[in-house]
Every structure is written in C-alpha cells, then in structure tokens.
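**Q** Supplied structure: input-v6.txt, compact mmCIF, C-alpha atoms and all ligand atoms.
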```
# COMPACT_ATOMS: atom_id res chain seq x y z
CA MET A 26 -11.20 5.95 9.47
CA THR A 27 -12.60 6.25 12.97
CA ARG A 28 -11.97 8.70 15.73
CA PRO A 29 -12.77 8.43 19.40
CA ALA A 30 -15.50 10.43 21.07
CA PRO A 31 -13.95 13.48 22.73
CA GLY A 32 -15.71 12.71 26.01
CA GLN A 33 -13.93 9.39 26.26
CA LEU A 34 -10.55 11.01 25.89
CA ALA A 35 -11.35 13.80 28.29
CA ALA A 36 -11.76 11.11 30.90
CA LEU A 37 -8.25 9.87 30.14
CA GLY A 38 -6.36 13.11 30.68
CA GLN A 39 -3.66 14.51 28.45
CA LEU A 40 -2.00 12.21 25.96
CA ALA A 41 1.53 13.05 24.83
CA LEU A 42 3.29 11.25 21.99
CA VAL A 43 7.05 11.04 22.47
CA GLU A 44 9.98 9.13 21.01
CA LEU A 45 10.79 5.82 22.67
CA ALA A 46 13.49 6.16 25.34
CA GLU A 47 15.20 3.69 27.64
CA SER A 48 13.24 5.12 30.58
CA HIS A 49 10.01 3.76 29.01
CA LEU A 50 11.20 0.19 28.65
CA ASP A 51 10.02 -1.28 31.96
CA GLU A 52 6.48 0.05 31.47
CA ILE A 53 6.44 -0.99 27.82
CA ALA A 54 7.59 -4.49 28.65
CA ALA A 55 4.85 -4.73 31.30
CA ILE A 56 2.16 -3.69 28.79
CA GLU A 57 3.61 -6.05 26.19
CA THR A 58 3.53 -8.98 28.63
CA VAL A 59 -0.21 -8.65 29.16
CA SER A 60 -0.95 -7.79 25.53
CA SER A 61 0.65 -10.51 23.45
CA PRO A 62 0.71 -14.30 23.58
CA VAL A 63 4.29 -14.08 22.29
CA PRO A 64 5.53 -10.93 24.05
CA TRP A 65 8.66 -9.08 23.09
CA SER A 66 11.27 -9.00 25.87
CA ARG A 67 12.64 -5.81 27.38
CA SER A 68 15.99 -6.53 25.72
CA LEU A 69 14.32 -6.79 22.31
CA PHE A 70 12.89 -3.30 22.79
CA LEU A 71 16.29 -2.13 24.05
CA GLY A 72 17.86 -3.40 20.83
CA GLU A 73 15.43 -1.25 18.85
CA LEU A 74 16.88 1.84 20.50
CA SER A 75 20.28 1.10 19.00
CA MET A 76 18.91 0.98 15.44
CA PRO A 77 19.47 4.01 13.20
CA PRO A 78 16.54 6.45 12.99
CA SER A 79 16.48 5.88 9.23
CA GLU A 80 15.44 2.26 9.92
CA ARG A 81 13.17 2.51 12.97
CA HIS A 82 10.56 4.85 14.38
CA TRP A 83 8.99 4.14 17.77
CA LEU A 84 6.47 6.32 19.57
CA VAL A 85 5.18 6.13 23.12
CA GLY A 86 1.89 7.59 24.33
CA THR A 87 2.03 8.88 27.89
CA ILE A 88 -0.68 10.19 30.19
CA ASP A 89 0.44 12.07 33.28
CA GLY A 90 3.93 10.69 32.69
CA GLN A 91 2.80 7.07 32.60
CA VAL A 92 3.13 4.93 29.49
CA ALA A 93 -0.32 4.24 28.05
CA GLY A 94 0.71 2.63 24.78
CA PHE A 95 3.40 2.36 22.15
CA GLY A 96 4.00 1.47 18.52
CA GLY A 97 6.92 1.15 16.17
CA VAL A 98 7.80 0.64 12.54
CA MET A 99 10.77 -0.65 10.57
CA LEU A 100 11.56 1.39 7.46
CA VAL A 101 13.02 -0.07 4.27
CA ALA A 102 13.14 2.32 1.30
CA ASP A 103 9.54 3.34 0.48
CA GLU A 104 8.01 0.57 2.60
CA ALA A 105 7.54 0.21 6.34
CA HIS A 106 6.52 -2.66 8.59
CA LEU A 107 4.45 -2.07 11.70
CA MET A 108 6.46 -4.14 14.17
CA ASN A 109 4.34 -3.79 17.28
CA ILE A 110 1.56 -1.68 18.76
CA ALA A 111 -0.13 -2.15 22.13
CA VAL A 112 -2.09 -0.18 24.69
CA ASP A 113 -2.37 -0.62 28.45
CA PRO A 114 -5.49 -2.83 28.91
CA ALA A 115 -6.91 -0.32 31.40
CA ARG A 116 -6.77 2.44 28.80
CA ARG A 117 -8.01 0.66 25.70
CA ARG A 118 -10.85 1.83 23.48
CA HIS A 119 -10.06 5.50 24.07
CA GLY A 120 -8.33 6.11 20.76
CA ILE A 121 -4.75 5.78 21.96
CA ALA A 122 -3.70 3.23 19.32
CA SER A 123 -5.40 5.38 16.69
CA HIS A 124 -3.38 8.40 17.81
CA ILE A 125 -0.14 6.46 17.76
CA LEU A 126 -0.85 4.98 14.32
CA THR A 127 -1.89 8.37 12.93
CA ARG A 128 1.35 9.99 14.05
CA LEU A 129 3.48 7.05 12.91
CA MET A 130 1.90 7.19 9.46
CA LEU A 131 2.38 10.94 9.13
CA ASP A 132 6.00 10.66 10.26
CA ILE A 133 6.92 7.83 7.89
CA VAL A 134 5.26 9.52 4.92
CA GLU A 135 7.46 12.50 5.70
CA ALA A 136 10.42 10.10 5.63
CA GLY A 137 9.44 8.92 2.11
CA VAL A 138 7.36 5.83 2.88
CA SER A 139 4.38 5.02 0.64
CA HIS A 140 3.34 1.52 1.78
CA LEU A 141 2.89 0.07 5.26
CA THR A 142 2.50 -3.63 6.05
CA LEU A 143 1.96 -5.76 9.16
CA GLU A 144 1.12 -9.22 10.41
CA VAL A 145 -1.76 -9.76 12.82
CA ARG A 146 -3.20 -12.92 14.32
CA THR A 147 -6.22 -14.03 12.35
CA ASP A 148 -8.23 -14.20 15.62
CA ASN A 149 -7.25 -10.68 16.79
CA ALA A 150 -10.53 -9.02 15.86
CA ALA A 151 -9.79 -5.78 17.76
CA ALA A 152 -6.53 -5.13 15.94
CA ILE A 153 -7.92 -6.15 12.54
CA ARG A 154 -10.78 -3.69 12.96
CA LEU A 155 -8.32 -0.95 13.93
CA TYR A 156 -6.25 -1.67 10.82
CA ASP A 157 -9.37 -1.78 8.62
CA ASP A 158 -10.21 1.69 9.86
CA PHE A 159 -6.78 2.89 8.73
CA GLY A 160 -7.14 1.49 5.22
CA PHE A 161 -5.19 -1.75 5.58
CA VAL A 162 -6.39 -4.63 3.42
CA ALA A 163 -5.70 -8.34 3.81
CA ALA A 164 -3.15 -9.67 1.35
CA GLY A 165 -2.62 -13.26 2.42
CA GLU A 166 -1.89 -15.46 5.39
CA ARG A 167 1.20 -16.94 7.04
CA LYS A 168 0.29 -20.35 8.41
CA ASP A 169 1.47 -21.14 11.95
CA TYR A 170 3.28 -17.77 12.13
CA TYR A 171 2.58 -17.46 15.89
CA GLY A 172 2.79 -21.20 16.63
CA VAL A 173 0.95 -24.28 15.47
CA GLY A 174 -2.59 -23.37 14.44
CA LYS A 175 -1.99 -19.65 15.09
CA HIS A 176 -1.98 -18.00 11.71
CA ALA A 177 -1.09 -14.46 10.72
CA LEU A 178 -3.01 -12.24 8.36
CA ILE A 179 -0.72 -10.12 6.20
CA MET A 180 -2.16 -6.64 5.70
CA TRP A 181 -1.02 -3.71 3.58
CA ALA A 182 -1.92 -0.05 3.47
CA HIS A 183 -0.77 1.08 0.04
CA ASP A 184 -0.17 4.63 -1.12
CA ILE A 185 -0.49 6.11 2.35
CA ASP A 186 1.03 9.29 0.93
CA ARG A 187 -1.91 9.90 -1.39
CA PRO A 188 -3.66 13.22 -0.73
CA ASP A 189 -7.01 11.86 0.52
CA HIS A 190 -5.33 9.52 3.00
CA LEU A 191 -3.00 12.24 4.24
CA ALA A 192 -5.94 14.60 4.63
CA GLY A 193 -7.67 12.05 6.88
CA LEU A 194 -4.55 11.64 9.00
CA HIS A 195 -4.04 15.40 9.29
CA HIS A 196 -7.67 15.74 10.30
CA LEU A 197 -7.14 13.31 13.20
CA ALA A 198 -3.84 14.91 14.19
CA GLY A 199 -5.40 18.37 13.94
CA LEU A 200 -8.19 17.35 16.27
CA ARG A 201 -5.58 16.52 18.87
CA HIS A 202 -3.80 19.81 18.49
CA GLY A 203 -7.13 21.59 18.49
CA ASN A 204 -7.42 20.38 22.08
CA GLU A 205 -10.58 18.43 21.39
CA LEU A 206 -8.80 15.28 22.45
CA GLY A 207 -6.75 16.84 25.20
CA GLU A 208 -3.33 15.86 23.86
CA THR A 209 -0.25 17.89 24.68
CA PRO A 210 1.98 18.65 21.69
C1 LIG A 301 -5.38 -3.51 19.26
C2 LIG A 301 -5.09 -2.41 20.29
C3 LIG A 301 -3.68 -1.88 20.08
C4 LIG A 301 -6.11 -1.26 20.09
O1 LIG A 301 -5.78 -0.20 21.00
P1 LIG A 301 -6.88 0.90 21.45
O2 LIG A 301 -6.16 2.08 21.96
O3 LIG A 301 -7.86 0.25 22.33
O4 LIG A 301 -7.55 1.20 20.03
P2 LIG A 301 -8.45 2.49 19.68
O5 LIG A 301 -9.19 2.93 20.90
O6 LIG A 301 -7.64 3.47 18.95
O7 LIG A 301 -9.51 1.80 18.70
C5 LIG A 301 -9.69 2.25 17.36
C6 LIG A 301 -10.63 1.31 16.66
O8 LIG A 301 -10.10 -0.03 16.63
C7 LIG A 301 -11.18 -0.98 16.76
N1 LIG A 301 -11.09 -1.66 18.05
C8 LIG A 301 -10.20 -1.44 19.04
N2 LIG A 301 -10.42 -2.31 20.05
C9 LIG A 301 -11.47 -3.08 19.69
C10 LIG A 301 -12.17 -4.15 20.30
N3 LIG A 301 -11.82 -4.60 21.52
N4 LIG A 301 -13.18 -4.73 19.63
C11 LIG A 301 -13.53 -4.30 18.41
N5 LIG A 301 -12.92 -3.26 17.77
C12 LIG A 301 -11.90 -2.67 18.40
C13 LIG A 301 -12.46 -0.14 16.71
O9 LIG A 301 -12.80 0.06 15.35
C14 LIG A 301 -11.97 1.17 17.33
O10 LIG A 301 -12.78 2.26 17.02
P3 LIG A 301 -14.09 2.59 17.95
O11 LIG A 301 -13.63 2.54 19.39
O12 LIG A 301 -14.48 3.96 17.48
O13 LIG A 301 -15.08 1.52 17.64
C15 LIG A 301 -5.28 -2.95 21.75
O14 LIG A 301 -6.49 -3.66 21.83
C16 LIG A 301 -4.15 -3.84 22.21
O15 LIG A 301 -3.16 -3.36 22.77
N6 LIG A 301 -4.27 -5.15 21.97
C17 LIG A 301 -3.23 -6.11 22.37
C18 LIG A 301 -1.99 -5.95 21.50
C19 LIG A 301 -2.31 -6.20 20.04
O16 LIG A 301 -3.11 -7.07 19.71
N7 LIG A 301 -1.63 -5.46 19.17
C20 LIG A 301 -1.75 -5.63 17.74
C21 LIG A 301 -0.71 -6.60 17.32
S1 LIG A 301 -0.81 -6.89 15.56
```
Translate this file's structure into structure tokens.
**A**
Amino acid sequence: MTRPAPGQLAALGQLALVELAESHLDEIAAIETVSSPVPWSRSLFLGELSMPPSERHWLVGTIDGQVAGFGGVMLVADEAHLMNIAVDPARRRHGIASHILTRLMLDIVEAGVSHLTLEVRTDNAAAIRLYDDFGFVAAGERKDYYGVGKHALIMWAHDIDRPDHLAGLHHLAGLRHGNELGETP
C-alpha cells in the first residue's frame, strides 16, 4: 500500500473527510463530468442520499471548504461495491483518493464488510494502480461494460478485515491524525 509524501500534501492544505451532503452535489457533479467518460448525473448522486445508511456510505474530501474528491460504496451483507471515486483533476496525485479509500474501508469493516469489489475500465491505468496498492486483484472482465470496445476489469479485495490489512489502513489513517498529512479530523 502506498502513501503520499507529506510535502505534497502540505502544499494542498487541510483535507477533511465528511459525509456526502446535498450541498456537495454541484461540485461533485462538476468533478464527475471531467473525470468519467460516462459521468453520473447530479440526480443520480442525489438519489444516493435517499438510500439507507445500512446500504450506502459516501465520503467527500474537502480542502478549505471546497470539494477535492469523493467516493462511495454500496453495502450488501458482508460485501461492498465501490460505486465511484474521483478527485478534482487539479488536486490529483496528492493522496486524496488514497485517504478516501482508506477511510471507506475502515468504516465498512466496522459495519461488518469483509470483501470489497469494483469495476474499472481496462485502460484506466491510474485507477488500477491505486486499487493494486490497496490489495485489489483482478477477477475477470465484463466485455463492453462501458460501451462497445470499452471493457471493465472486475477487481476484488478479499478479507479486508484481516489484521494485517487493517493495520495498514490504521497506519495510513493514523498518519493523517498525527498531522503529518495535515488533515482535520
Ligand atoms: C483514479 C483517481 C481517483 C486517483 O486519485 P488521486 O487522488 O490522484 O490518487 P492518489 O494520489 O491517492 O494516488 C495513489 C496511488 O494511485 C496510483 N496513481 C494515481 N494516479 C496515477 C496516475 N495518473 N498514474 C499512475 N498511477 C497513479 C499511484 O500508485 C498512486 O501512488 P503514488 O502517487 O505514490 O505513486 C483519479 O485519477 C481520478 O479521479 N480519476 C478519474 C476518475 C476515475 O477514473 N475513477 C476510478 C473509477 S473506477
């Protein structure tokens, strides 16, 4: 698992991770529009807010009150599905997605989840490397999932509640709270 260099994050300012709220939706939709070839609409995100907390968990990373990134999972029994994660293009490669994924994983383990899955475009090298770092492994492909010729890689992170994995996540989260990465609690 990787972690960003503290100097990089210092340049970003203070990152806060908060629950998704309706007030974030315009900024999230704007980031989504420039981040995905098949972007979610604002109303799709709005619909997520009406789902029960036992079935959804969305987090938003903010810096100086501005949305820098977001991510969310769907929970079904002891499994969860990473539905979306994206970071403002101007703030990428500073560890924001890693922070969001770390906190999402810790939260869903606390909710009883052991296995996390996702789909990612086979040509999305940045995201695949991020997921590799977090212990996801490829488990198959969905042909034409994103349109003709645009295939999805199915990835799974199994047993995310095992002690060594949790220790790694707590290490990353602890770094944040230890101020090294400048995040506010
Ligand atoms: C994928 C994405 C969320 C990563 O966000 P980020 O905040 O830049 O990611 P991080 O800074 O936490 O990167 C963590 C690791 O992921 C990998 N990574 C991230 N961006 C990368 C890139 N452009 N090229 C190669 N590896 C990359 C690296 O291993 C990186 O660690 P390093 O910086 O120490 O080398 C961001 O690029 C994005 O929003 N992309 C568009 C939306 C998207 O594709 N979402 C995934 C849908 S499945």
**Q** Choose the residue, out of A:Met76, A:Ala122, A:Leu129, A:Leu191, that has the smallest atom-to-atom separation from ligand LIG 301 (chain A); count all atoms listed in the file.
**A** A:Ala122
**Q** Between A:Gly96, A:Gly160, A:Gly199, A:Gly86, single out the one closest to His183 (chain A), counting all atoms listed in the file.
**A**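 Looking at the shortest contact to His183 (chain A), the residue is A:Gly160.
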**Q** Would you list the contacts of Ile153 (chain A) as a list in words, taking every protein, DNA or RNA residue within 12 Å and counting all atoms listed in the file, but skipping same-chain residues closer than 5 positions in sequence?
**A**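 The residues satisfying every condition are Leu143, Glu144, Val145, Arg146, Thr147, Asp148, Asp158, Phe159, Gly160, Phe161, Val162, Ala163, Ala177, Leu178, Ile179, Met180 and Trp181 of chain A.
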**Q** Quick one: of A:Lys168, A:His82, A:His176, A:Arg67, who's nearest to ligand LIG 301 (chain A), counting all atoms listed in the file?
**A**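 The shortest atom-to-atom distance to ligand LIG 301 (chain A) comes from A:His176.
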**Q** Which residues are near ligand LIG 301 (chain A) in this structure, taking near to mean any atom at most 7 Å from a ligand atom and counting all atoms listed in the file? Format them as a PyMOL selection string.
**A** chain A and resi 27-29+60-61+109-114+116-124+144-146+149-152+154-155+158
**Q** With only C-alpha atoms as the counted atoms, please give the residues lying no more than 10 Å from Glu44 (chain A), apart from itself and same-chain residues fewer than 3 positions off, as a list in words.
**A** His49, His82, Trp83, Leu84, Val85, Gly86, Phe95 and Gly97 of chain A
**Q** List as JSON lines every residue of region 149-192 of chain A that is in contact with region 130-140 of chain A, defined as an atom at most 6 Å from one of its atoms (using all atoms listed in the file), together with the nearest atom pair and the distance in Å rounded to one decimal, sorted by chain and then rising number.
**A**
```
{"residue": "A:Ala182", "atom": "CA", "partner": "A:His140", "partner_atom": "CA", "distance": 5.7}
{"residue": "A:His183", "atom": "CA", "partner": "A:His140", "partner_atom": "CA", "distance": 4.5}
{"residue": "A:Asp184", "atom": "CA", "partner": "A:Ser139", "partner_atom": "CA", "distance": 4.9}
{"residue": "A:Ile185", "atom": "CA", "partner": "A:Ser139", "partner_atom": "CA", "distance": 5.3}
{"residue": "A:Asp186", "atom": "CA", "partner": "A:Ser139", "partner_atom": "CA", "distance": 5.4}
```
**Q** When you draw a straight line from CA of Phe70 (chain A) to CA of Val98 (chain A), how long is it in Å?
**A**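 Between CA of Phe70 (chain A) and CA of Val98 (chain A) the gap is 12.1 Å.
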**Q** So the first atom is CA of Thr127 (chain A) and the second is CA of Lys175 (chain A); what is the distance between them in Å, to one decimal place?
**A** 28.1 Å
**Q** Between CA of Arg128 (chain A) and CA of Glu166 (chain A), what distance in Å does the model show, to one decimal?
**A**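 Between CA of Arg128 (chain A) and CA of Glu166 (chain A) the gap works out to 27.1 Å.
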**Q** Smallest atom-to-atom distance to Val92 (chain A): which of A:Ser68, A:Val63, A:Ser48, A:Leu141, using only C-alpha atoms?
**A**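 Looking only at the distances to Val92 (chain A), the closest residue turns out to be A:Ser48.
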**Q** Considering only C-alpha atoms, can you say which of A:Leu194, A:Ala115, A:Ala105, A:Leu100 comes closest to Pro77 (chain A)?
**A**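 Among the listed residues, A:Leu100 lies closest to Pro77 (chain A).
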**Q** Report, as JSON, the axis-aligned box around all atoms of region 155-167 of chain A present in the file, extended by 3 Å on each side; give centre and edge lengths in Å to one decimal place.
**A**
```
{"center_x": -4.5, "center_y": -7.0, "center_z": 7.6, "size_x": 17.4, "size_y": 25.8, "size_z": 18.6}
```
**Q** Pick the closest to Asp89 (chain A) from A:Ala41, A:Asp169, A:Leu50, A:Glu57: which is it, counting all atoms listed in the file?
**A**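 Closest to Asp89 (chain A), using all atoms listed in the file: A:Ala41.
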